[in-house]
Amino acid sequence: MGIGMGSDRDDGTRVEWREWGQEAFDEAAKAELPILLSLTATWCDHCHEMDEETYAEPRIAANVNDSFVPVRVDVDRRPRVRDRYNMGGFPSTVFLAPDGSVLTGAGYLGHDGMRQVLDSVRTMWDTKGSGAGRVPRPLREDNPPAGELTPDIESAMLGQLTEAYDETAGGWGQQPKFPLPDALEFALKRDREMALRSFDAVSANLLDEYDGGFYRFATDPDWSGLQHEKLLDSNGALVRAFANAYLLTGRDEYREPAARTVEFLTTTLWNDAVDAFANSQAPGETDAHGLDATDREAAAEPPVDDAVLAGPNALAIEGLATYAAYTDDERARRYATRALETLRSELIDEGVVTHAHPDTVASGAGATAPLLATQARTLSALTTAASVLDPDVLPTATAVADATIDQLRDDDSFVDGPETGAGLLDHPLRPLDSNVVLADALLDLTALTGDGTYRTVAREVLESFAGASDRFGVQIAQYATATSRLLEGPLVIAVGDEPGADLHRAALRMADHEKVVVPDAETVDIEPGVETGTARVILGERSSAVAETPTELSEAVQSVLD
């Protein structure tokens with residue numbers, strides 16, 4: 001059951017919600033009223049509960065309508081608004097001055113709590129007006145501290161993971177317990193035992209054994225208190241992570257969770273109307289996910305948000321392509337190829353990626369201005385596709401990289417989008433996670449094209465954050481992964497044959513998930529080169545002898561690593 005087009009409005013409450021945009025801020029300035037900004041998501045159970053319990057209460061709705069300009073934003077459709085005003089989860093209830101600065105904010109509020117906050121904000125506004133507003137710190141501290149890239153960054157991240165590791169329940173941290181796919185993949189190569197115990201905990205506790213797919217997180221240290229929403233982006237990332245664990249171990253206990261999730265993505269979350277993946281599945285009113293198998297079979301299917309968003313689709317494409325690379329799974333390959341074609345043909349124009357498919361979202365949310373997170377995830381998917389599926393996508397990948405560098409680069413790092421728009425959208429934000437995804441993808445692009453300028457950009461991005469790297473938590477493990485790949489390699493396997501050939505398939509199965517496989521490499525400016533029917537392994541300045549068989553290729557990899 002689809003939720004449909006979706007929008008920033010919610011007519012199920014008594015509040016007269018406005019759309020996000022300059023018009024709402026102009027209205028607030030003219031009326032000299034603060035703005036109540038409600039950040040919600042279609043998959044967010046507590047958001048729907050707040051609508052039903054709080055905003056539907058007549059006196060609260062009347063107070064909001066009379067004393068504020070209420071604005072409703074879906075956080076998936078407008079991620080730049082989310083990133084500036086998120087109060088630590090959803091729903092977020094944020095009060096703004098007409099210039100977009102923050103007066104105060106909270107998360108979920110019941111009707112009693114909302115009455116108190118409304119009165120408090122109204123008093124603050126009457127006393128101080130816009131002078132009470134503040135710009136959040138990430139928007140005030142524009143330039144991150146730069147530094148030198150050294151192997152200590154990788155060691156420090158491994159230390160962070162070791163310190164945060166839950167010896168009892170697996171995973172990292174106590175509560176809430178998120179699956180952290182980037183941390184799983186980082187640990188997989190550097191502390192196999194810790195990584196695999198954490199993979200085991202994620203699959204045992206977050207995998208939906210009935211329908212497949214992973215739940216978003218658990219609230220408690222023992223992985224209880226499951227939050228039953230399933231999001232495309234986290235599921236795509238976990239398919240990739242579990243596929244990589246299977247590559248390393250060859251054990252079905254890591255392949256099967258990936259396979260079940262591929263099935264979920266290609267059935268429940270497949271939007272046939274546009275040939276791509278839908279954004280999420282909510283728990284639903286009855287929360288069927290919490291029922292036993294017998295009752296669940298009779299329960300209504302939890303609702304799906306049919307919105308097709310480019311960034312989450314890119315993660316799904318990357319996950320399915322990675323799984324297909326190690327298993328030859330035709331279903332994963334076929335759906336990755338179909339979604340990739342939609343991404344390339346309908347959502348990318350001269351390297352700029354449209355955030356949302358316009359046929360699946362309300363007007364305005366699918367704006368074509370480049371967003372760093374979307375550009376970076378799309379580039380990563382395209383480089384994976386070029387390595388696994390079809391090197392003919394490389395011109396699209398270079399176009400995306402070039403457009404991102406041209407339009408979003410500021411000094412040595414990247415801002416999240418154009419510095420224009422309502423509220424605080426005109427304040428630059430340099431998201432570390434998206435900068436890291438981009439840098440990592442640029443390293444892959446360097447190997448696939450032979451163009452060293454992308455590696456230079458990647459280095460400058462990573463260096464621009466290095467001065468704070470000792471403070472990065474386990475959620476940013478990919479920063480250490482990218483730094484390691486930059487300093488040491490990455491491991492490149494250049495294959496003179498096209499995708500699907502025996503040597504290409506063997507190269508993909510070499511047990512280093514951070515490698516880059518370059519098919520049709522005789523056309524790429526790689527030194528030393530390869531000819532059709534051969535392969536060569538390159539790591540930094542080292543290279544192997546030519547290999548002509550999968551056995552010789554395995555020996556060549558070992559010779560370079562020794």
# chains A, B, ... in the order shown; residues from 1 in each chain; ligands from 1
>>> select_by_dssp(residues="region 95-335 of chain A", states="helix (DSSP H, G or I)", output="ChimeraX atom specification")
/A:111-132,137-140,152-164,181-190,192-206,232-249,252-267,288-290,293-298,310-327,330-335
>>> residues_around(residues="region 267-277 of chain A", least_positions_apart="5", cutoff="7 Å", atoms="only C-alpha atoms", output="list in words")
Asp306, Val308, Asn313, Arg338, Ala339 and Thr342 of chain A
>>> closest_residue(among="A:Phe25, A:Glu32, A:Arg80, A:Glu330", to="Leu425 (chain A)", atoms="only C-alpha atoms")
A:Arg80
>>> residues_around(residues="Leu389 (chain A)", least_positions_apart="3", cutoff="8 Å", atoms="only C-alpha atoms", output="PyMOL selection string")
chain A and resi 321+333+337+384-386+499
>>> closest_residue(among="A:Gln375, A:Asn235, A:Thr327, A:Thr322", to="Ile348 (chain A)", atoms="only C-alpha atoms")
A:Gln375
>>> select_by_dssp(residues="region 51-290 of chain A", states="strand (DSSP E)", output="PyMOL selection string")
chain A and resi 69-74+92-96+102-106+217-218+226-227+230-231+270-271+276-277+280-281
>>> write_last_selection(atoms="C-alpha atoms", output="short mmCIF file (atom, residue, chain, number, x, y, z; two decimals), in the first residue's frame")
data_model
loop_
_atom_site.label_atom_id
_atom_site.label_comp_id
_atom_site.auth_asym_id
_atom_site.auth_seq_id
_atom_site.Cartn_x
_atom_site.Cartn_y
_atom_site.Cartn_z
CA VAL A 69 3.12 30.72 11.21
CA PRO A 70 3.11 26.90 11.13
CA VAL A 71 5.29 25.18 8.51
CA ARG A 72 5.43 21.43 7.90
CA VAL A 73 8.48 19.80 6.28
CA ASP A 74 9.05 16.18 5.28
CA SER A 92 11.40 17.92 15.67
CA THR A 93 9.41 20.90 16.88
CA VAL A 94 11.38 24.04 16.13
CA PHE A 95 10.50 27.68 16.74
CA LEU A 96 12.09 30.23 14.41
CA VAL A 102 16.30 29.34 16.03
CA LEU A 103 14.41 30.51 19.10
CA THR A 104 14.16 27.08 20.72
CA GLY A 105 13.27 23.54 19.84
CA ALA A 106 12.25 20.14 21.12
CA PHE A 217 17.32 0.71 15.09
CA ALA A 218 16.65 -0.56 18.60
CA LEU A 226 12.74 -2.24 17.94
CA GLN A 227 11.71 0.71 15.81
CA LYS A 230 12.45 0.24 7.17
CA LEU A 231 14.33 2.84 5.14
CA TRP A 270 9.95 -1.50 -5.76
CA ASN A 271 8.00 1.33 -7.46
CA ALA A 276 13.10 2.49 -9.14
CA PHE A 277 12.98 1.94 -5.37
CA SER A 280 10.52 3.61 3.04
CA GLN A 281 8.00 1.39 4.77
#
>>> closest_residue(among="A:Gly489, A:Asp349, A:Glu527, A:Asp512", to="Gln558 (chain A)", atoms="only C-alpha atoms")
A:Asp512
>>> closest_residue(among="A:Gly159, A:Pro257, A:Gly533, A:Pro303", to="Asp200 (chain A)", atoms="only C-alpha atoms")
A:Pro257
>>> residues_around(residues="His46 (chain A)", least_positions_apart="3", cutoff="9 Å", atoms="only C-alpha atoms", output="list of chain:residue names")
A:Thr40, A:Glu49, A:Met50, A:Asp51, A:Phe90, A:Pro91, A:Tyr108
>>> residues_around(residues="Tyr210 (chain A)", least_positions_apart="4", cutoff="9 Å", atoms="only C-alpha atoms", output="PyMOL selection string")
chain A and resi 289+293+296
>>> residues_around(residues="region 541-554 of chain A", least_positions_apart="5", cutoff="12 Å", atoms="only C-alpha atoms", output="ChimeraX atom specification")
/A:487-497,501-512,526-536,559-562
>>> closest_atom_pairs(of="region 391-484 of chain A", to="region 126-150 of chain A", cutoff="6 Å", atoms="only C-alpha atoms", output="tab-separated table")
residue	atom	partner	partner_atom	distance
A:Leu429	CA	A:Leu139	CA	5.8
A:Glu463	CA	A:Gly147	CA	5.5
A:Ser464	CA	A:Ala146	CA	4.1
A:Phe465	CA	A:Ala146	CA	5.0
A:Ala466	CA	A:Gly147	CA	4.5
A:Gly467	CA	A:Gly147	CA	4.2
>>> closest_residue(among="A:Val81, A:Ala288, A:Ala314, A:Leu184", to="Thr420 (chain A)", atoms="only C-alpha atoms")
A:Val81
>>> closest_residue(among="A:Cys44, A:Leu443, A:Leu379, A:Ala356", to="Arg455 (chain A)", atoms="only C-alpha atoms")
A:Leu443
>>> decode(residues="region 207-242 of chain A", atoms="N, CA and C atoms", output="PDB file, in the first residue's frame")
ATOM      1  N   LEU A 207      16.990  -7.759  11.605  1.00  0.00           N
ATOM      2  CA  LEU A 207      16.451  -8.333  10.369  1.00  0.00           C
ATOM      3  C   LEU A 207      15.019  -8.808  10.584  1.00  0.00           C
ATOM      4  N   ASP A 208      14.136  -8.402   9.679  1.00  0.00           N
ATOM      5  CA  ASP A 208      12.752  -8.873   9.706  1.00  0.00           C
ATOM      6  C   ASP A 208      12.724 -10.283   9.100  1.00  0.00           C
ATOM      7  N   GLU A 209      12.564 -11.286   9.935  1.00  0.00           N
ATOM      8  CA  GLU A 209      12.615 -12.662   9.466  1.00  0.00           C
ATOM      9  C   GLU A 209      11.394 -13.039   8.639  1.00  0.00           C
ATOM     10  N   TYR A 210      10.331 -12.255   8.739  1.00  0.00           N
ATOM     11  CA  TYR A 210       9.098 -12.571   8.015  1.00  0.00           C
ATOM     12  C   TYR A 210       9.140 -12.042   6.585  1.00  0.00           C
ATOM     13  N   ASP A 211       9.454 -10.766   6.420  1.00  0.00           N
ATOM     14  CA  ASP A 211       9.399 -10.117   5.108  1.00  0.00           C
ATOM     15  C   ASP A 211      10.769  -9.724   4.563  1.00  0.00           C
ATOM     16  N   GLY A 212      11.813  -9.909   5.351  1.00  0.00           N
ATOM     17  CA  GLY A 212      13.127  -9.454   4.923  1.00  0.00           C
ATOM     18  C   GLY A 212      13.283  -7.957   5.142  1.00  0.00           C
ATOM     19  N   GLY A 213      14.495  -7.467   4.996  1.00  0.00           N
ATOM     20  CA  GLY A 213      14.781  -6.057   5.254  1.00  0.00           C
ATOM     21  C   GLY A 213      15.120  -5.833   6.716  1.00  0.00           C
ATOM     22  N   PHE A 214      15.842  -4.750   6.966  1.00  0.00           N
ATOM     23  CA  PHE A 214      16.286  -4.421   8.325  1.00  0.00           C
ATOM     24  C   PHE A 214      15.487  -3.264   8.897  1.00  0.00           C
ATOM     25  N   TYR A 215      15.138  -3.394  10.175  1.00  0.00           N
ATOM     26  CA  TYR A 215      14.534  -2.277  10.898  1.00  0.00           C
ATOM     27  C   TYR A 215      15.583  -1.205  11.167  1.00  0.00           C
ATOM     28  N   ARG A 216      15.101  -0.004  11.460  1.00  0.00           N
ATOM     29  CA  ARG A 216      16.018   1.134  11.518  1.00  0.00           C
ATOM     30  C   ARG A 216      16.959   1.074  12.715  1.00  0.00           C
ATOM     31  N   PHE A 217      16.451   0.803  13.912  1.00  0.00           N
ATOM     32  CA  PHE A 217      17.315   0.712  15.085  1.00  0.00           C
ATOM     33  C   PHE A 217      16.537   0.141  16.249  1.00  0.00           C
ATOM     34  N   ALA A 218      17.268  -0.115  17.354  1.00  0.00           N
ATOM     35  CA  ALA A 218      16.647  -0.557  18.604  1.00  0.00           C
ATOM     36  C   ALA A 218      16.949   0.490  19.670  1.00  0.00           C
ATOM     37  N   THR A 219      16.035   0.681  20.574  1.00  0.00           N
ATOM     38  CA  THR A 219      16.196   1.751  21.561  1.00  0.00           C
ATOM     39  C   THR A 219      17.074   1.358  22.739  1.00  0.00           C
ATOM     40  N   ASP A 220      17.211   0.045  23.001  1.00  0.00           N
ATOM     41  CA  ASP A 220      17.836  -0.395  24.244  1.00  0.00           C
ATOM     42  C   ASP A 220      19.163  -1.127  24.003  1.00  0.00           C
ATOM     43  N   PRO A 221      20.020  -1.188  25.042  1.00  0.00           N
ATOM     44  CA  PRO A 221      21.356  -1.793  24.871  1.00  0.00           C
ATOM     45  C   PRO A 221      21.332  -3.237  24.400  1.00  0.00           C
ATOM     46  N   ASP A 222      20.272  -3.997  24.746  1.00  0.00           N
ATOM     47  CA  ASP A 222      20.208  -5.409  24.358  1.00  0.00           C
ATOM     48  C   ASP A 222      19.495  -5.602  23.029  1.00  0.00           C
ATOM     49  N   TRP A 223      19.355  -4.548  22.268  1.00  0.00           N
ATOM     50  CA  TRP A 223      18.710  -4.557  20.954  1.00  0.00           C
ATOM     51  C   TRP A 223      17.199  -4.765  21.045  1.00  0.00           C
ATOM     52  N   SER A 224      16.626  -4.547  22.207  1.00  0.00           N
ATOM     53  CA  SER A 224      15.170  -4.578  22.313  1.00  0.00           C
ATOM     54  C   SER A 224      14.631  -3.180  22.029  1.00  0.00           C
ATOM     55  N   GLY A 225      13.311  -3.052  22.045  1.00  0.00           N
ATOM     56  CA  GLY A 225      12.703  -1.769  21.710  1.00  0.00           C
ATOM     57  C   GLY A 225      12.874  -1.449  20.234  1.00  0.00           C
ATOM     58  N   LEU A 226      12.562  -2.423  19.376  1.00  0.00           N
ATOM     59  CA  LEU A 226      12.741  -2.240  17.937  1.00  0.00           C
ATOM     60  C   LEU A 226      11.863  -1.114  17.407  1.00  0.00           C
ATOM     61  N   GLN A 227      12.451  -0.297  16.554  1.00  0.00           N
ATOM     62  CA  GLN A 227      11.709   0.712  15.807  1.00  0.00           C
ATOM     63  C   GLN A 227      11.500   0.141  14.411  1.00  0.00           C
ATOM     64  N   HIS A 228      10.253  -0.137  14.052  1.00  0.00           N
ATOM     65  CA  HIS A 228       9.970  -1.024  12.940  1.00  0.00           C
ATOM     66  C   HIS A 228       9.941  -0.373  11.568  1.00  0.00           C
ATOM     67  N   GLU A 229      10.308   0.887  11.460  1.00  0.00           N
ATOM     68  CA  GLU A 229      10.388   1.463  10.134  1.00  0.00           C
ATOM     69  C   GLU A 229      11.558   0.852   9.360  1.00  0.00           C
ATOM     70  N   LYS A 230      11.393   0.751   8.048  1.00  0.00           N
ATOM     71  CA  LYS A 230      12.454   0.239   7.172  1.00  0.00           C
ATOM     72  C   LYS A 230      12.728   1.298   6.106  1.00  0.00           C
ATOM     73  N   LEU A 231      13.958   1.784   6.065  1.00  0.00           N
ATOM     74  CA  LEU A 231      14.332   2.843   5.143  1.00  0.00           C
ATOM     75  C   LEU A 231      15.198   2.290   4.017  1.00  0.00           C
ATOM     76  N   LEU A 232      14.970   2.797   2.828  1.00  0.00           N
ATOM     77  CA  LEU A 232      15.721   2.333   1.666  1.00  0.00           C
ATOM     78  C   LEU A 232      17.215   2.555   1.838  1.00  0.00           C
ATOM     79  N   ASP A 233      17.609   3.751   2.316  1.00  0.00           N
ATOM     80  CA  ASP A 233      19.046   4.038   2.357  1.00  0.00           C
ATOM     81  C   ASP A 233      19.785   3.099   3.303  1.00  0.00           C
ATOM     82  N   SER A 234      19.266   2.874   4.498  1.00  0.00           N
ATOM     83  CA  SER A 234      19.972   1.991   5.437  1.00  0.00           C
ATOM     84  C   SER A 234      19.940   0.549   4.952  1.00  0.00           C
ATOM     85  N   ASN A 235      18.859   0.115   4.304  1.00  0.00           N
ATOM     86  CA  ASN A 235      18.799  -1.252   3.795  1.00  0.00           C
ATOM     87  C   ASN A 235      19.748  -1.457   2.627  1.00  0.00           C
ATOM     88  N   GLY A 236      19.862  -0.454   1.746  1.00  0.00           N
ATOM     89  CA  GLY A 236      20.827  -0.563   0.664  1.00  0.00           C
ATOM     90  C   GLY A 236      22.246  -0.678   1.190  1.00  0.00           C
ATOM     91  N   ALA A 237      22.576   0.148   2.190  1.00  0.00           N
ATOM     92  CA  ALA A 237      23.914   0.105   2.777  1.00  0.00           C
ATOM     93  C   ALA A 237      24.180  -1.225   3.471  1.00  0.00           C
ATOM     94  N   LEU A 238      23.150  -1.802   4.104  1.00  0.00           N
ATOM     95  CA  LEU A 238      23.350  -3.069   4.807  1.00  0.00           C
ATOM     96  C   LEU A 238      23.451  -4.245   3.843  1.00  0.00           C
ATOM     97  N   VAL A 239      22.777  -4.188   2.698  1.00  0.00           N
ATOM     98  CA  VAL A 239      23.002  -5.222   1.683  1.00  0.00           C
ATOM     99  C   VAL A 239      24.471  -5.229   1.288  1.00  0.00           C
ATOM    100  N   ARG A 240      25.018  -4.051   1.035  1.00  0.00           N
ATOM    101  CA  ARG A 240      26.435  -3.957   0.666  1.00  0.00           C
ATOM    102  C   ARG A 240      27.332  -4.496   1.788  1.00  0.00           C
ATOM    103  N   ALA A 241      27.047  -4.101   3.027  1.00  0.00           N
ATOM    104  CA  ALA A 241      27.892  -4.520   4.149  1.00  0.00           C
ATOM    105  C   ALA A 241      27.852  -6.030   4.340  1.00  0.00           C
ATOM    106  N   PHE A 242      26.662  -6.626   4.315  1.00  0.00           N
ATOM    107  CA  PHE A 242      26.571  -8.073   4.505  1.00  0.00           C
ATOM    108  C   PHE A 242      27.156  -8.833   3.318  1.00  0.00           C
TER     109      PHE A 242
END
